[in-house]
file final.pdb (PDB, C-alpha atoms, pLDDT in the B column)
ATOM      1  CA  ARG A   8      -3.734  54.649  13.373  1.00 84.00           C
ATOM      2  CA  LEU A   9      -1.545  54.989  16.466  1.00 88.00           C
ATOM      3  CA  ARG A  10      -3.454  56.246  19.511  1.00 88.00           C
ATOM      4  CA  ARG A  11      -0.711  56.342  22.120  1.00 89.00           C
ATOM      5  CA  PHE A  12       2.588  54.966  23.439  1.00 85.00           C
ATOM      6  CA  LEU A  13       2.988  53.365  26.833  1.00 89.00           C
ATOM      7  CA  LEU A  14       6.247  52.611  28.604  1.00 88.00           C
ATOM      8  CA  ARG A  15       6.945  49.194  30.037  1.00 86.00           C
ATOM      9  CA  TYR A  16       9.763  49.363  32.543  1.00 83.00           C
ATOM     10  CA  TYR A  17      10.409  45.676  33.066  1.00 79.00           C
ATOM     11  CA  PRO A  18      11.308  44.126  30.830  1.00 84.00           C
ATOM     12  CA  PRO A  19      12.041  47.382  29.019  1.00 89.00           C
ATOM     13  CA  GLY A  20       9.837  48.101  26.054  1.00 90.00           C
ATOM     14  CA  ILE A  21       7.056  50.212  24.639  1.00 92.00           C
ATOM     15  CA  VAL A  22       3.452  49.347  24.025  1.00 91.00           C
ATOM     16  CA  LEU A  23       1.584  50.804  21.067  1.00 92.00           C
ATOM     17  CA  GLU A  24      -2.168  51.233  21.279  1.00 92.00           C
ATOM     18  CA  TYR A  25      -3.690  51.622  17.828  1.00 92.00           C
ATOM     19  CA  VAL A  26      -6.885  51.245  15.820  1.00 92.00           C
ATOM     20  CA  GLN A  27      -7.074  48.959  12.795  1.00 92.00           C
ATOM     21  CA  HIS A  28     -10.320  48.530  10.877  1.00 92.00           C
ATOM     22  CA  HIS A  29     -12.273  50.137  13.765  1.00 92.00           C
ATOM     23  CA  VAL A  30     -10.832  47.628  16.248  1.00 92.00           C
ATOM     24  CA  ASP A  31      -8.589  48.638  19.167  1.00 91.00           C
ATOM     25  CA  LYS A  32      -5.328  46.704  19.201  1.00 90.00           C
ATOM     26  CA  VAL A  33      -2.119  46.591  21.226  1.00 91.00           C
ATOM     27  CA  LYS A  34       1.412  45.795  20.096  1.00 92.00           C
ATOM     28  CA  SER A  35       4.459  45.376  22.349  1.00 91.00           C
ATOM     29  CA  ILE A  36       7.969  46.190  21.239  1.00 93.00           C
ATOM     30  CA  ASP A  37      10.667  44.677  23.452  1.00 93.00           C
ATOM     31  CA  LEU A  38      13.775  46.762  24.052  1.00 93.00           C
ATOM     32  CA  LEU A  39      15.714  44.174  26.026  1.00 89.00           C
ATOM     33  CA  THR A  40      19.125  45.625  25.187  1.00 89.00           C
ATOM     34  CA  LEU A  41      18.218  49.174  26.269  1.00 89.00           C
ATOM     35  CA  ARG A  42      20.647  50.574  28.839  1.00 87.00           C
ATOM     36  CA  ALA A  43      21.216  53.998  30.395  1.00 86.00           C
ATOM     37  CA  ASP A  44      24.094  54.597  27.958  1.00 88.00           C
ATOM     38  CA  SER A  45      22.236  53.406  24.829  1.00 90.00           C
ATOM     39  CA  ASN A  46      22.266  55.590  21.710  1.00 94.00           C
ATOM     40  CA  ILE A  47      18.686  56.860  21.869  1.00 94.00           C
ATOM     41  CA  ASP A  48      18.821  58.701  18.537  1.00 95.00           C
ATOM     42  CA  ALA A  49      19.903  55.543  16.708  1.00 95.00           C
ATOM     43  CA  LEU A  50      17.153  53.570  18.433  1.00 95.00           C
ATOM     44  CA  VAL A  51      14.543  56.167  17.448  1.00 95.00           C
ATOM     45  CA  ASP A  52      15.754  56.022  13.827  1.00 95.00           C
ATOM     46  CA  ARG A  53      15.530  52.222  13.832  1.00 94.00           C
ATOM     47  CA  LEU A  54      12.044  52.136  15.366  1.00 94.00           C
ATOM     48  CA  ILE A  55      10.684  54.704  12.901  1.00 94.00           C
ATOM     49  CA  ALA A  56      12.195  52.751  10.001  1.00 94.00           C
ATOM     50  CA  GLU A  57      10.942  49.333  11.174  1.00 93.00           C
ATOM     51  CA  GLU A  58       7.542  50.097  12.707  1.00 92.00           C
ATOM     52  CA  VAL A  59       4.874  51.461  10.358  1.00 91.00           C
ATOM     53  CA  LEU A  60       2.742  52.708  13.258  1.00 91.00           C
ATOM     54  CA  ILE A  61       5.483  55.095  14.401  1.00 92.00           C
ATOM     55  CA  THR A  62       5.696  58.038  12.034  1.00 91.00           C
ATOM     56  CA  GLU A  63       8.235  60.831  11.761  1.00 93.00           C
ATOM     57  CA  GLN A  64       5.766  63.168  13.503  1.00 92.00           C
ATOM     58  CA  ARG A  65       6.183  61.074  16.672  1.00 91.00           C
ATOM     59  CA  ARG A  66      10.010  61.374  16.718  1.00 93.00           C
ATOM     60  CA  VAL A  67      10.252  63.914  19.557  1.00 94.00           C
ATOM     61  CA  GLN A  68       7.695  62.106  21.708  1.00 92.00           C
ATOM     62  CA  LEU A  69       9.363  58.738  21.094  1.00 93.00           C
ATOM     63  CA  ARG A  70      12.809  60.129  21.903  1.00 94.00           C
ATOM     64  CA  GLN A  71      11.572  61.613  25.193  1.00 93.00           C
ATOM     65  CA  MET A  72       9.934  58.337  26.182  1.00 91.00           C
ATOM     66  CA  LEU A  73      12.962  56.235  25.313  1.00 93.00           C
ATOM     67  CA  GLN A  74      15.254  58.621  27.198  1.00 92.00           C
ATOM     68  CA  LYS A  75      13.045  58.265  30.270  1.00 90.00           C
ATOM     69  CA  LEU A  76      13.005  54.492  29.900  1.00 89.00           C
ATOM     70  CA  ALA A  77      16.798  54.364  29.493  1.00 89.00           C
ATOM     71  CA  GLU A  78      17.299  56.445  32.649  1.00 86.00           C
ATOM     72  CA  LYS A  79      15.140  53.980  34.581  1.00 82.00           C
ATOM     73  CA  GLN A  80      17.542  51.207  33.541  1.00 78.00           C
ATOM     74  CA  ARG A  81      20.362  52.896  35.456  1.00 74.00           C
ATOM     75  CA  SER A  82      21.249  50.790  38.453  1.00 63.00           C
ATOM     76  CA  ASP A  83      21.403  52.737  41.689  1.00 57.00           C
ATOM     77  CA  SER A  84      24.081  50.770  43.501  1.00 56.00           C
ATOM     78  CA  THR A  85      23.975  53.130  46.511  1.00 65.00           C
ATOM     79  CA  GLN A  86      20.419  52.185  47.470  1.00 66.00           C
ATOM     80  CA  THR A  87      20.264  50.481  50.841  1.00 75.00           C
ATOM     81  CA  TYR A  88      17.322  48.791  52.547  1.00 76.00           C
ATOM     82  CA  TYR A  89      16.793  48.823  56.285  1.00 82.00           C
ATOM     83  CA  LEU A  90      14.505  46.703  58.415  1.00 84.00           C
ATOM     84  CA  CYS A  91      11.684  48.983  59.550  1.00 79.00           C
ATOM     85  CA  ASN A  92       9.170  46.614  61.102  1.00 78.00           C
ATOM     86  CA  ILE A  93       8.550  42.989  61.991  1.00 82.00           C
ATOM     87  CA  LEU A  94       4.914  41.954  61.946  1.00 80.00           C
ATOM     88  CA  ARG A  95       3.706  39.120  64.143  1.00 81.00           C
ATOM     89  CA  ALA A  96       1.292  38.196  61.435  1.00 82.00           C
ATOM     90  CA  HIS A  97      -0.415  34.835  61.936  1.00 90.00           C
ATOM     91  CA  ILE A  98      -0.346  31.780  64.158  1.00 90.00           C
ATOM     92  CA  LEU A  99       0.736  29.596  61.215  1.00 92.00           C
ATOM     93  CA  PRO A 100       3.281  30.281  58.424  1.00 92.00           C
ATOM     94  CA  LEU A 101       2.642  32.926  55.759  1.00 92.00           C
ATOM     95  CA  THR A 102       2.031  31.943  52.167  1.00 94.00           C
ATOM     96  CA  ASN A 103       1.897  35.345  50.496  1.00 93.00           C
ATOM     97  CA  CYS A 104       2.064  39.082  51.098  1.00 93.00           C
ATOM     98  CA  SER A 105       1.486  42.179  49.005  1.00 92.00           C
ATOM     99  CA  PHE A 106       1.503  45.997  49.255  1.00 91.00           C
ATOM    100  CA  ASN A 107      -1.190  48.138  47.704  1.00 89.00           C
ATOM    101  CA  LYS A 108      -0.085  50.673  45.113  1.00 86.00           C
ATOM    102  CA  ALA A 109       0.088  53.561  47.609  1.00 85.00           C
ATOM    103  CA  GLY A 110       2.171  51.482  50.033  1.00 86.00           C
ATOM    104  CA  ASP A 111       0.000  52.384  53.017  1.00 89.00           C
ATOM    105  CA  ARG A 112      -1.662  48.963  53.252  1.00 90.00           C
ATOM    106  CA  PHE A 113      -0.189  45.486  53.213  1.00 90.00           C
ATOM    107  CA  ILE A 114      -1.951  42.105  53.123  1.00 94.00           C
ATOM    108  CA  THR A 115      -0.773  38.723  54.314  1.00 95.00           C
ATOM    109  CA  GLY A 116      -2.185  35.249  53.694  1.00 95.00           C
ATOM    110  CA  SER A 117      -1.560  32.202  55.830  1.00 94.00           C
ATOM    111  CA  TYR A 118      -1.942  28.515  56.479  1.00 95.00           C
ATOM    112  CA  ASP A 119      -4.371  29.561  59.242  1.00 95.00           C
ATOM    113  CA  HIS A 120      -7.056  30.145  56.525  1.00 95.00           C
ATOM    114  CA  THR A 121      -7.075  33.936  57.027  1.00 95.00           C
ATOM    115  CA  CYS A 122      -5.722  37.116  55.485  1.00 95.00           C
ATOM    116  CA  LYS A 123      -4.826  40.227  57.418  1.00 94.00           C
ATOM    117  CA  VAL A 124      -4.771  43.828  56.243  1.00 94.00           C
ATOM    118  CA  TRP A 125      -2.013  45.920  57.833  1.00 93.00           C
ATOM    119  CA  ASP A 126      -1.571  49.675  58.201  1.00 91.00           C
ATOM    120  CA  THR A 127       1.975  50.300  56.993  1.00 87.00           C
ATOM    121  CA  ALA A 128       1.697  54.101  56.858  1.00 83.00           C
ATOM    122  CA  SER A 129       1.548  54.727  60.595  1.00 82.00           C
ATOM    123  CA  SER A 130       0.845  52.078  63.233  1.00 81.00           C
ATOM    124  CA  GLY A 131       2.085  48.894  61.564  1.00 81.00           C
ATOM    125  CA  GLU A 132      -0.846  47.115  63.193  1.00 87.00           C
ATOM    126  CA  ALA A 133      -3.360  44.711  61.686  1.00 90.00           C
ATOM    127  CA  VAL A 134      -6.516  46.668  60.883  1.00 91.00           C
ATOM    128  CA  LEU A 135      -8.655  43.814  59.611  1.00 92.00           C
ATOM    129  CA  THR A 136      -8.736  40.012  59.500  1.00 94.00           C
ATOM    130  CA  LEU A 137     -10.434  38.442  56.483  1.00 94.00           C
ATOM    131  CA  GLU A 138     -11.964  35.146  57.561  1.00 94.00           C
ATOM    132  CA  GLY A 139     -14.049  32.722  55.547  1.00 94.00           C
ATOM    133  CA  HIS A 140     -11.749  30.381  53.642  1.00 95.00           C
ATOM    134  CA  LYS A 141     -11.851  26.741  54.669  1.00 96.00           C
ATOM    135  CA  ASN A 142      -8.252  25.976  53.682  1.00 96.00           C
ATOM    136  CA  VAL A 143      -4.847  27.627  53.209  1.00 96.00           C
ATOM    137  CA  VAL A 144      -4.925  31.079  51.575  1.00 95.00           C
ATOM    138  CA  TYR A 145      -2.129  30.946  49.003  1.00 94.00           C
ATOM    139  CA  ALA A 146      -2.869  33.859  46.662  1.00 95.00           C
ATOM    140  CA  LEU A 147      -3.877  37.455  47.321  1.00 95.00           C
ATOM    141  CA  SER A 148      -3.787  40.816  45.628  1.00 94.00           C
ATOM    142  CA  PHE A 149      -5.106  44.360  45.749  1.00 93.00           C
ATOM    143  CA  ASN A 150      -6.887  45.513  42.593  1.00 91.00           C
ATOM    144  CA  ASN A 151      -4.250  48.056  41.601  1.00 83.00           C
ATOM    145  CA  PRO A 152      -4.281  50.904  40.860  1.00 78.00           C
ATOM    146  CA  PHE A 153      -7.500  51.499  42.818  1.00 82.00           C
ATOM    147  CA  GLY A 154      -6.810  49.394  45.909  1.00 83.00           C
ATOM    148  CA  ASP A 155     -10.455  49.278  46.986  1.00 88.00           C
ATOM    149  CA  LYS A 156     -10.792  45.508  46.688  1.00 92.00           C
ATOM    150  CA  ILE A 157      -8.727  42.471  47.683  1.00 94.00           C
ATOM    151  CA  ALA A 158      -8.827  39.085  45.934  1.00 95.00           C
ATOM    152  CA  THR A 159      -7.860  35.958  47.866  1.00 96.00           C
ATOM    153  CA  GLY A 160      -7.397  32.433  46.574  1.00 96.00           C
ATOM    154  CA  SER A 161      -7.405  29.310  48.696  1.00 95.00           C
ATOM    155  CA  PHE A 162      -6.901  25.569  48.505  1.00 95.00           C
ATOM    156  CA  ASP A 163     -10.622  25.378  49.316  1.00 95.00           C
ATOM    157  CA  LYS A 164     -11.073  25.994  45.561  1.00 94.00           C
ATOM    158  CA  ARG A 165     -12.572  29.435  46.171  1.00 94.00           C
ATOM    159  CA  CYS A 166     -11.553  32.899  45.152  1.00 95.00           C
ATOM    160  CA  LYS A 167     -13.082  35.661  47.247  1.00 95.00           C
ATOM    161  CA  ILE A 168     -13.320  39.353  46.474  1.00 95.00           C
ATOM    162  CA  TRP A 169     -13.341  41.636  49.514  1.00 94.00           C
ATOM    163  CA  ASP A 170     -14.064  45.362  49.825  1.00 89.00           C
ATOM    164  CA  ALA A 171     -10.853  46.854  51.197  1.00 72.00           C
TER     165      ALA A 171
END
call {"tool": "encode", "arguments": {"input": "final.pdb", "output": "structure tokens"}}
result
Amino acid sequence: RLRRFLLRYYPPGIVLEYVQHHVDKVKSIDLLTLRADSNIDALVDRLIAEEVLITEQRRVQLRQMLQKLAEKQRSDSTQTYYLCNILRAHILPLTNCSFNKAGDRFITGSYDHTCKVWDTASSGEAVLTLEGHKNVVYALSFNNPFGDKIATGSFDKRCKIWDA
């Protein structure tokens, strides 16, 4: 029994969440050839014919989702990026950097064994330095979508979880 559809924007596809024999399962359907000018009605017909989880009753919902997904595939060639800030981040080279989901915080990791949390919404200043690794910090991430924790990985063979 199909519970819900989820869109996957890259690579384009849909994810089906369903229940089979009282067990929750997930199935991905890749739509790698989907473009903004794709024939959505033909794609809906094909998916309903080929996928037993997608019934005729889901046609309208599926069409709306695929239309949205196809629109996201449109390339906006007029988009331009401008330099807005240069951060003097660490005393040694950076190894990694990442925004949180909201885009108001940014973290950097470095050869100097530290990570820094930056305020990107207003000041552009470092708001916190995470110290404690004994070697290069080479991996870091916010726990999206919540953004209340940061994970860091280091060549000291440690992964640390920090309250953000």
call {"tool": "residues_around", "arguments": {"input": "final.pdb", "residues": "Thr102 of chain A", "least_positions_apart": "3", "cutoff": "8 Å", "atoms": "only C-alpha atoms", "output": "list in words"}}
result
Thr115, Gly116, Ser117, Tyr118, Val144, Tyr145 and Ala146 of chain A
call {"tool": "closest_residue", "arguments": {"input": "final.pdb", "among": "A:Arg8, A:Arg15, A:Lys156, A:Arg70", "to": "Lys108 of chain A", "atoms": "only C-alpha atoms"}}
result
A:Lys156
call {"tool": "residues_around", "arguments": {"input": "final.pdb", "residues": "Phe149 of chain A", "least_positions_apart": "5", "cutoff": "8 Å", "atoms": "all atoms listed in the file", "output": "number ranges by chain"}}
result
A: 105-107, 154-158
call {"tool": "resolve_selection", "arguments": {"input": "final.pdb", "expression": "the PyMOL selection byres ((chain A and resi 30-38) around 10)", "output": "mmCIF file with C-alpha atoms, keeping the file's coordinate frame"}}
result
data_model
loop_
_atom_site.group_PDB
_atom_site.id
_atom_site.type_symbol
_atom_site.label_atom_id
_atom_site.label_comp_id
_atom_site.auth_asym_id
_atom_site.auth_seq_id
_atom_site.Cartn_x
_atom_site.Cartn_y
_atom_site.Cartn_z
ATOM 1 C CA ARG A 8 -3.734 54.649 13.373
ATOM 2 C CA LEU A 9 -1.545 54.989 16.466
ATOM 3 C CA ARG A 10 -3.454 56.246 19.511
ATOM 4 C CA ARG A 11 -0.711 56.342 22.120
ATOM 5 C CA PHE A 12 2.588 54.966 23.439
ATOM 6 C CA LEU A 13 2.988 53.365 26.833
ATOM 7 C CA LEU A 14 6.247 52.611 28.604
ATOM 8 C CA ARG A 15 6.945 49.194 30.037
ATOM 9 C CA TYR A 16 9.763 49.363 32.543
ATOM 10 C CA TYR A 17 10.409 45.676 33.066
ATOM 11 C CA PRO A 18 11.308 44.126 30.830
ATOM 12 C CA PRO A 19 12.041 47.382 29.019
ATOM 13 C CA GLY A 20 9.837 48.101 26.054
ATOM 14 C CA ILE A 21 7.056 50.212 24.639
ATOM 15 C CA VAL A 22 3.452 49.347 24.025
ATOM 16 C CA LEU A 23 1.584 50.804 21.067
ATOM 17 C CA GLU A 24 -2.168 51.233 21.279
ATOM 18 C CA TYR A 25 -3.690 51.622 17.828
ATOM 19 C CA VAL A 26 -6.885 51.245 15.820
ATOM 20 C CA GLN A 27 -7.074 48.959 12.795
ATOM 21 C CA HIS A 28 -10.320 48.530 10.877
ATOM 22 C CA HIS A 29 -12.273 50.137 13.765
ATOM 23 C CA LEU A 39 15.714 44.174 26.026
ATOM 24 C CA THR A 40 19.125 45.625 25.187
ATOM 25 C CA LEU A 41 18.218 49.174 26.269
ATOM 26 C CA ARG A 42 20.647 50.574 28.839
ATOM 27 C CA LEU A 50 17.153 53.570 18.433
ATOM 28 C CA LEU A 54 12.044 52.136 15.366
ATOM 29 C CA GLU A 58 7.542 50.097 12.707
ATOM 30 C CA LEU A 60 2.742 52.708 13.258
ATOM 31 C CA LEU A 73 12.962 56.235 25.313
ATOM 32 C CA LEU A 76 13.005 54.492 29.900
ATOM 33 C CA ALA A 77 16.798 54.364 29.493
#
call {"tool": "atom_distance", "arguments": {"input": "final.pdb", "atom1": "atom CA of Glu78 of chain A", "atom2": "atom CA of Asn151 of chain A"}}
result
24.8 Å
call {"tool": "resolve_selection", "arguments": {"input": "final.pdb", "expression": "the PyMOL selection byres ((chain A and resi 120-123) around 7)", "output": "PyMOL selection string"}}
result
chain A and resi 114-119+124-125+133+135-138+140-144
call {"tool": "axis_aligned_box", "arguments": {"input": "final.pdb", "around": "segment 89-108 of chain A", "padding_each_side": "6 Å", "output": "lines of an AutoDock Vina configuration file"}}
result
center_x = 7.8
center_y = 40.1
center_z = 54.6
size_x = 30.0
size_y = 33.1
size_z = 31.0
call {"tool": "closest_residue", "arguments": {"input": "final.pdb", "among": "A:Glu57, A:Asp111, A:Glu63, A:Glu132", "to": "Asn92 of chain A", "atoms": "all atoms listed in the file"}}
result
A:Glu132
call {"tool": "atom_distance", "arguments": {"input": "final.pdb", "atom1": "atom CA of Gly139 of chain A", "atom2": "atom CA of Cys104 of chain A"}}
result
17.9 Å
call {"tool": "build_atoms", "arguments": {"input": "final.pdb", "residues": "segment 59-81 of chain A", "atoms": "N, CA, C and O atoms", "output": "PDB file, in the coordinates of the input"}}
result
ATOM      1  N   VAL A  59       5.728  50.582  11.172  1.00 91.00           N
ATOM      2  CA  VAL A  59       4.874  51.461  10.358  1.00 91.00           C
ATOM      3  C   VAL A  59       3.944  52.325  11.196  1.00 91.00           C
ATOM      4  O   VAL A  59       3.506  53.394  10.730  1.00 91.00           O
ATOM      5  N   LEU A  60       3.626  51.914  12.403  1.00 91.00           N
ATOM      6  CA  LEU A  60       2.742  52.708  13.258  1.00 91.00           C
ATOM      7  C   LEU A  60       3.419  53.968  13.793  1.00 91.00           C
ATOM      8  O   LEU A  60       2.754  54.932  14.154  1.00 91.00           O
ATOM      9  N   ILE A  61       4.746  53.953  13.859  1.00 92.00           N
ATOM     10  CA  ILE A  61       5.483  55.095  14.401  1.00 92.00           C
ATOM     11  C   ILE A  61       5.947  55.961  13.235  1.00 92.00           C
ATOM     12  O   ILE A  61       6.813  55.563  12.454  1.00 92.00           O
ATOM     13  N   THR A  62       5.371  57.131  13.131  1.00 91.00           N
ATOM     14  CA  THR A  62       5.696  58.038  12.034  1.00 91.00           C
ATOM     15  C   THR A  62       6.722  59.074  12.482  1.00 91.00           C
ATOM     16  O   THR A  62       6.988  59.242  13.675  1.00 91.00           O
ATOM     17  N   GLU A  63       7.250  59.784  11.506  1.00 93.00           N
ATOM     18  CA  GLU A  63       8.235  60.831  11.761  1.00 93.00           C
ATOM     19  C   GLU A  63       7.686  61.908  12.705  1.00 93.00           C
ATOM     20  O   GLU A  63       8.423  62.486  13.503  1.00 93.00           O
ATOM     21  N   GLN A  64       6.384  62.149  12.646  1.00 92.00           N
ATOM     22  CA  GLN A  64       5.766  63.168  13.503  1.00 92.00           C
ATOM     23  C   GLN A  64       5.856  62.795  14.987  1.00 92.00           C
ATOM     24  O   GLN A  64       5.712  63.650  15.852  1.00 92.00           O
ATOM     25  N   ARG A  65       6.089  61.541  15.279  1.00 91.00           N
ATOM     26  CA  ARG A  65       6.183  61.074  16.672  1.00 91.00           C
ATOM     27  C   ARG A  65       7.625  61.021  17.180  1.00 91.00           C
ATOM     28  O   ARG A  65       7.871  60.548  18.290  1.00 91.00           O
ATOM     29  N   ARG A  66       8.586  61.479  16.371  1.00 93.00           N
ATOM     30  CA  ARG A  66      10.010  61.374  16.718  1.00 93.00           C
ATOM     31  C   ARG A  66      10.335  61.995  18.076  1.00 93.00           C
ATOM     32  O   ARG A  66      10.965  61.362  18.923  1.00 93.00           O
ATOM     33  N   VAL A  67       9.909  63.226  18.312  1.00 94.00           N
ATOM     34  CA  VAL A  67      10.252  63.914  19.557  1.00 94.00           C
ATOM     35  C   VAL A  67       9.643  63.191  20.754  1.00 94.00           C
ATOM     36  O   VAL A  67      10.310  62.957  21.769  1.00 94.00           O
ATOM     37  N   GLN A  68       8.383  62.822  20.631  1.00 92.00           N
ATOM     38  CA  GLN A  68       7.695  62.106  21.708  1.00 92.00           C
ATOM     39  C   GLN A  68       8.385  60.766  21.992  1.00 92.00           C
ATOM     40  O   GLN A  68       8.624  60.414  23.145  1.00 92.00           O
ATOM     41  N   LEU A  69       8.709  60.037  20.937  1.00 93.00           N
ATOM     42  CA  LEU A  69       9.363  58.738  21.094  1.00 93.00           C
ATOM     43  C   LEU A  69      10.731  58.899  21.750  1.00 93.00           C
ATOM     44  O   LEU A  69      11.090  58.135  22.646  1.00 93.00           O
ATOM     45  N   ARG A  70      11.484  59.905  21.324  1.00 94.00           N
ATOM     46  CA  ARG A  70      12.809  60.129  21.903  1.00 94.00           C
ATOM     47  C   ARG A  70      12.701  60.430  23.400  1.00 94.00           C
ATOM     48  O   ARG A  70      13.473  59.905  24.197  1.00 94.00           O
ATOM     49  N   GLN A  71      11.753  61.276  23.779  1.00 93.00           N
ATOM     50  CA  GLN A  71      11.572  61.613  25.193  1.00 93.00           C
ATOM     51  C   GLN A  71      11.221  60.370  26.010  1.00 93.00           C
ATOM     52  O   GLN A  71      11.743  60.159  27.106  1.00 93.00           O
ATOM     53  N   MET A  72      10.341  59.542  25.471  1.00 91.00           N
ATOM     54  CA  MET A  72       9.934  58.337  26.182  1.00 91.00           C
ATOM     55  C   MET A  72      11.096  57.352  26.328  1.00 91.00           C
ATOM     56  O   MET A  72      11.287  56.772  27.394  1.00 91.00           O
ATOM     57  N   LEU A  73      11.843  57.173  25.264  1.00 93.00           N
ATOM     58  CA  LEU A  73      12.962  56.235  25.313  1.00 93.00           C
ATOM     59  C   LEU A  73      14.061  56.736  26.244  1.00 93.00           C
ATOM     60  O   LEU A  73      14.714  55.936  26.927  1.00 93.00           O
ATOM     61  N   GLN A  74      14.267  58.047  26.279  1.00 92.00           N
ATOM     62  CA  GLN A  74      15.254  58.621  27.198  1.00 92.00           C
ATOM     63  C   GLN A  74      14.841  58.351  28.651  1.00 92.00           C
ATOM     64  O   GLN A  74      15.644  57.949  29.480  1.00 92.00           O
ATOM     65  N   LYS A  75      13.567  58.536  28.928  1.00 90.00           N
ATOM     66  CA  LYS A  75      13.045  58.265  30.270  1.00 90.00           C
ATOM     67  C   LYS A  75      13.204  56.789  30.625  1.00 90.00           C
ATOM     68  O   LYS A  75      13.629  56.440  31.726  1.00 90.00           O
ATOM     69  N   LEU A  76      12.884  55.927  29.684  1.00 89.00           N
ATOM     70  CA  LEU A  76      13.005  54.492  29.900  1.00 89.00           C
ATOM     71  C   LEU A  76      14.466  54.092  30.121  1.00 89.00           C
ATOM     72  O   LEU A  76      14.772  53.286  31.002  1.00 89.00           O
ATOM     73  N   ALA A  77      15.369  54.669  29.348  1.00 89.00           N
ATOM     74  CA  ALA A  77      16.798  54.364  29.493  1.00 89.00           C
ATOM     75  C   ALA A  77      17.308  54.805  30.859  1.00 89.00           C
ATOM     76  O   ALA A  77      18.085  54.086  31.502  1.00 89.00           O
ATOM     77  N   GLU A  78      16.886  55.963  31.327  1.00 86.00           N
ATOM     78  CA  GLU A  78      17.299  56.445  32.649  1.00 86.00           C
ATOM     79  C   GLU A  78      16.836  55.502  33.753  1.00 86.00           C
ATOM     80  O   GLU A  78      17.525  55.312  34.743  1.00 86.00           O
ATOM     81  N   LYS A  79      15.662  54.918  33.585  1.00 82.00           N
ATOM     82  CA  LYS A  79      15.140  53.980  34.581  1.00 82.00           C
ATOM     83  C   LYS A  79      15.970  52.693  34.621  1.00 82.00           C
ATOM     84  O   LYS A  79      15.920  51.960  35.609  1.00 82.00           O
ATOM     85  N   GLN A  80      16.723  52.416  33.583  1.00 78.00           N
ATOM     86  CA  GLN A  80      17.542  51.207  33.541  1.00 78.00           C
ATOM     87  C   GLN A  80      18.844  51.386  34.318  1.00 78.00           C
ATOM     88  O   GLN A  80      19.548  50.419  34.584  1.00 78.00           O
ATOM     89  N   ARG A  81      19.137  52.628  34.700  1.00 74.00           N
ATOM     90  CA  ARG A  81      20.362  52.896  35.456  1.00 74.00           C
ATOM     91  C   ARG A  81      20.251  52.237  36.825  1.00 74.00           C
ATOM     92  O   ARG A  81      19.280  52.419  37.531  1.00 74.00           O
TER      93      ARG A  81
END
